[in-house]
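**Student:** First the structure, then my questions, so here it is.
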Amino acid sequence: MTGSTKNTCTPPALLLILLSCFCLSAFAADAVPTAEDIDRLAETAKTASRTFVSQSFRIRMACQWRGDLLNRQDKQRLYNLAETAGQQLTQIEESQRTLKKQIEDYHGSDWEERYGSTGLWRKITADLLRTTLSKLEIDYYLALASDQPQRNQILNRIVTQIDSLATNPIPAYALLIKVKAIALLAQTDPALEPTATNEFDRLTLRSDMSQATAFKVAIERIKFLGPETSARLDTLADDLARSQSTDDIELVLSLASLQRRYAPQALEKTLSLWPNIESLLAQLILADLSNAAEQADTNEPDLTKITAIEAELTAKAASSARPEKYRAVLEGIVATEKFQTPAVLYAAGSAFSHFEPERAVELLIKASGLQQRHKSSRLDIEPGQIAEEAAQLACELFEQSADNCPLAVTAFDNYAEIAADNIDPQLEYLHATVLDSCGHGERAQKLLQKIADRPAGPKRNLAGFVLIKKQLNSTESISEQNDLLEKLRNLIGDCNCPATDTDCIGLRDEAAYIYCRTLLDTRDTSSAQKVLDLLDGPRIGPLAMFDLFKSQALRRLGRFDQAVRLMTAATDDHTDRSLAPEVVALMSDVLDNIELSREQTADAGRMLHNCTHLAEFAHKSLNNRQTALLLAEINLCESARHENKLTEIETTLKTFENRNDLSWLRCKARLLMARAEYEQAAQLWAQIAQFRRSGSPSPNRPTWQWWRAKYYELYSISKLPRAKKQNLAHTMEVLEKTFTDIPPLWAEKLRSLRQQ
């Protein structure tokens, strides 16, 4: 039978065991009841009653909402709770009755002092009545949770017990329990309806009941007979709002249940007066719809009997609970045109974001538009915030797949229109990014320009940088490129980044990278100087990038010692092969100008040591003919005289021999000089000079490298026996008279050579 339970030692059962032990020890036949005994029982009764009220609250409120209809699970749960609480209160009731009898049977001369003047007899009498009424009220719920014929048996017992109460008059609350029992009996025995009506009428005339009881009587009367007038529920709601019972959540929910049945339009006012019931009411409605669908054995909820405000509450509850579980409910609500309010669409959009985000974006867009046109008092969210949520979700979808471009553009356009001047700078920039990626380049450029033209803003520099970068990539005009680089330089200077602002630092570093790279690609000295002007300021960018660009600029300006020092630091910090080509370019320029670099640096030995390190790095990274020859020549310039080293260099030259290659010829000539094989060295330097003379732009203006080759040719000749160098002085004199613009370094070296 419905309502059967197992006798397990749950906390309520444990309470019964403890209560029994207490009664056996305290209420022996010869015991004298004390105030502590009476108070302890009263408190135990209150605890049992409160526990039932608390634990059964949701089920009882669901019962009110559905009109005394329970699903089987709730019915079983309510039965168990009522049965347990009833057993506890029966035990307490018997104990209180025993105490009362002991007091009445006490014939000591101090009776008045013990129980009369102290009020203990009156208190135990009142406590016993209170326990009895609590037990009868819980029995009413036991009946509600029972099947027939047990239900009517319990209800009839309630009526009989109340009629037999030894009080005059019978308390109004007891009569309320009685009339509720008769009204429930009348559901199966219509002949009792007049009796119930008469009982309600008599009870209504009572003037000795509490305000809370009066409200409960009024609510139960309307449940049974319906409202006397169309305004009765409005009056009842106003009276309750002004009363001391206004915080009684059960009264308010009972009132809301009646409004749902008889005056649905009044429910919104009740929610505004008691906003704290909204969440619970929403859960009740949602559970009611779900239970109805389950009982009908269908996944489609019946939405024909709910109002727009109930739909809003349901959608909100479904989105806050387990959205996917209530998907069918949400689908049905949003598909019903009369329920498409901002609150419904927003709640549904929030829910769908968990399992169908594309649909969620559409719902949020629609919700923001409706909220913008007709703001709902039931949705305390600005339209701009709803549109922002739609845009953010759409952006996530766009990042996952370009197929979501149309949705993302629509969401961002909607957000921009609604937010207007209150637009979030980050989302505004993302709007431009989405437009550009989705084929709306012109619109994206206009939006970026709008952001960049503002006097201030968190995305102003980023927007300006993106525009400059795009234009640099597309222009072929030198003057336009110079203008863009000037703008980029100003933007870098405008990035005053706090140490913790990684976004700002990242933007500044990327801008500096493009600025330096673009200038260095032009390969003129003025551009190189601009790079140094930037990099000689506050430190910009990672160390490796900083040193690399500065080294490149110094190389272009012929400041090889500094360039080598910085490149050495860069390779120490950045050891992968990506720097090797730049190292090769630097070493090639250094070797082309090694003699000048030696003269200009204060520590030539240190510079050459760094050059060796760089040449080894380049050769280890690339391991080709060029790097092998560079390393060999650097070793020769470092004054390597060890035979083993010279043998290695000779082997390298044999491996890569090519007598038409200036690099090979120059390295071979240096090797011959290192081995004092000056006659062959002079011949190779002469061959190099001939190559350099033929490559000179003007025959009358030999290059710096020609003068070097000519000097080493003459120097090598100077080391030969006298017979082979007899024309040396004459040759140098002819050179000095023929060319007046001899590079200073070689002019000085020639003078020194002539004076030997």
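Within each chain, counting starts at residue 1; across the structure tokens, chains are named A, B, ... in the order shown, with ligands numbered 1 upward in that order.
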Would you pick out the contacts of region 452-462 of chain A at 8 Å or less, using only C-alpha atoms, so that residues sharing its chain but fewer than 4 positions from it are not included, and give the list as a list in words?
**Tutor:**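 Here the answer would be Pro425, Gln426, Tyr429, Leu448, Val466, Leu491, Asp494, Cys495 and Leu507 of chain A.
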**Student:** Excluding Glu94 (chain A) and its own-chain neighbours fewer than 2 positions away, which residues fall within 12 Å of it when counting only C-alpha atoms? Please give them as a count of residues only.
**Tutor:** 26
**Student:** Go ahead and compute the interatomic distance for CA of Phe339 (chain A) and CA of Ile423 (chain A), in Å to one decimal.
**Tutor:**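 CA of Phe339 (chain A) sits 29.6 Å away from CA of Ile423 (chain A).
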**Student:** Taking only C-alpha atoms into account, produce a table as JSON lines in which each residue of region 599-669 of chain A with an atom at most 12 Å from an atom of region 568-582 of chain A appears once, together with its shortest atom pair and the distance in Å to one decimal, ordered by chain and rising number.
**Tutor:**
```
{"residue": "A:Arg606", "atom": "CA", "partner": "A:Thr568", "partner_atom": "CA", "distance": 11.5}
{"residue": "A:Met607", "atom": "CA", "partner": "A:Thr568", "partner_atom": "CA", "distance": 10.1}
{"residue": "A:Leu608", "atom": "CA", "partner": "A:Thr568", "partner_atom": "CA", "distance": 11.5}
{"residue": "A:His609", "atom": "CA", "partner": "A:Thr568", "partner_atom": "CA", "distance": 10.2}
{"residue": "A:Asn610", "atom": "CA", "partner": "A:Thr568", "partner_atom": "CA", "distance": 6.5}
{"residue": "A:Cys611", "atom": "CA", "partner": "A:Thr568", "partner_atom": "CA", "distance": 8.2}
{"residue": "A:Thr612", "atom": "CA", "partner": "A:Thr568", "partner_atom": "CA", "distance": 10.1}
{"residue": "A:His613", "atom": "CA", "partner": "A:Thr568", "partner_atom": "CA", "distance": 7.5}
{"residue": "A:Leu614", "atom": "CA", "partner": "A:Thr568", "partner_atom": "CA", "distance": 6.4}
{"residue": "A:Ala615", "atom": "CA", "partner": "A:Ala580", "partner_atom": "CA", "distance": 9.1}
{"residue": "A:Glu616", "atom": "CA", "partner": "A:Ala580", "partner_atom": "CA", "distance": 10.1}
{"residue": "A:Phe617", "atom": "CA", "partner": "A:Ala580", "partner_atom": "CA", "distance": 7.2}
{"residue": "A:Ala618", "atom": "CA", "partner": "A:Ala580", "partner_atom": "CA", "distance": 4.9}
{"residue": "A:His619", "atom": "CA", "partner": "A:Ala580", "partner_atom": "CA", "distance": 8.2}
{"residue": "A:Lys620", "atom": "CA", "partner": "A:Arg577", "partner_atom": "CA", "distance": 8.8}
{"residue": "A:Ser621", "atom": "CA", "partner": "A:Arg577", "partner_atom": "CA", "distance": 5.3}
{"residue": "A:Leu622", "atom": "CA", "partner": "A:Ala580", "partner_atom": "CA", "distance": 7.1}
{"residue": "A:Asn623", "atom": "CA", "partner": "A:Ala580", "partner_atom": "CA", "distance": 10.3}
{"residue": "A:Asn624", "atom": "CA", "partner": "A:Ala580", "partner_atom": "CA", "distance": 11.5}
{"residue": "A:Gln626", "atom": "CA", "partner": "A:Pro581", "partner_atom": "CA", "distance": 10.7}
{"residue": "A:Thr627", "atom": "CA", "partner": "A:Ala580", "partner_atom": "CA", "distance": 9.5}
```
**Student:** Smallest atom-to-atom distance to Asp238 (chain A): which of A:Leu273, A:Ile418, A:Leu225, A:Ile717, using only C-alpha atoms?
**Tutor:**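 Closest residue, counting only C-alpha atoms: A:Leu273.
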**Student:** Between A:Ala499, A:Leu155, A:Leu255, A:Ala632, which is the closest to Thr188 (chain A) once you count only C-alpha atoms?
**Tutor:**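 For Thr188 (chain A), the nearest of the given residues is A:Leu155.
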**Student:** Residues of region 16-247 of chain A classed as helix (DSSP H, G or I) by DSSP on the backbone are to be reported as JSON, numbers by chain.
**Tutor:** {"A": [16, 17, 18, 19, 20, 21, 22, 23, 24, 25, 26, 35, 36, 37, 38, 39, 40, 41, 42, 43, 44, 45, 46, 47, 48, 49, 50, 51, 52, 53, 54, 55, 57, 58, 59, 60, 61, 62, 63, 64, 65, 66, 72, 73, 74, 75, 76, 77, 78, 79, 80, 81, 82, 83, 84, 85, 86, 87, 88, 89, 90, 91, 92, 93, 94, 95, 96, 97, 98, 99, 100, 101, 102, 103, 104, 105, 111, 112, 113, 114, 115, 116, 120, 121, 122, 123, 124, 125, 126, 127, 128, 129, 130, 131, 132, 133, 134, 135, 136, 137, 138, 139, 140, 141, 142, 143, 144, 150, 151, 152, 153, 154, 155, 156, 157, 158, 159, 160, 161, 162, 163, 172, 173, 174, 175, 176, 177, 178, 179, 180, 181, 182, 183, 184, 185, 190, 191, 192, 193, 194, 195, 196, 197, 198, 199, 200, 201, 202, 203, 204, 211, 212, 213, 214, 215, 216, 217, 218, 219, 220, 221, 222, 223, 224, 225, 232, 233, 234, 235, 236, 237, 238, 239, 240, 241, 242]}
**Student:** Would you pick out the contacts of region 555-557 of chain A at 7 Å or less, using only C-alpha atoms, so that residues sharing its chain but fewer than 3 positions from it are not included, and give the list as a ChimeraX atom specification?
**Tutor:** /A:525,528,551-552,560,563,586
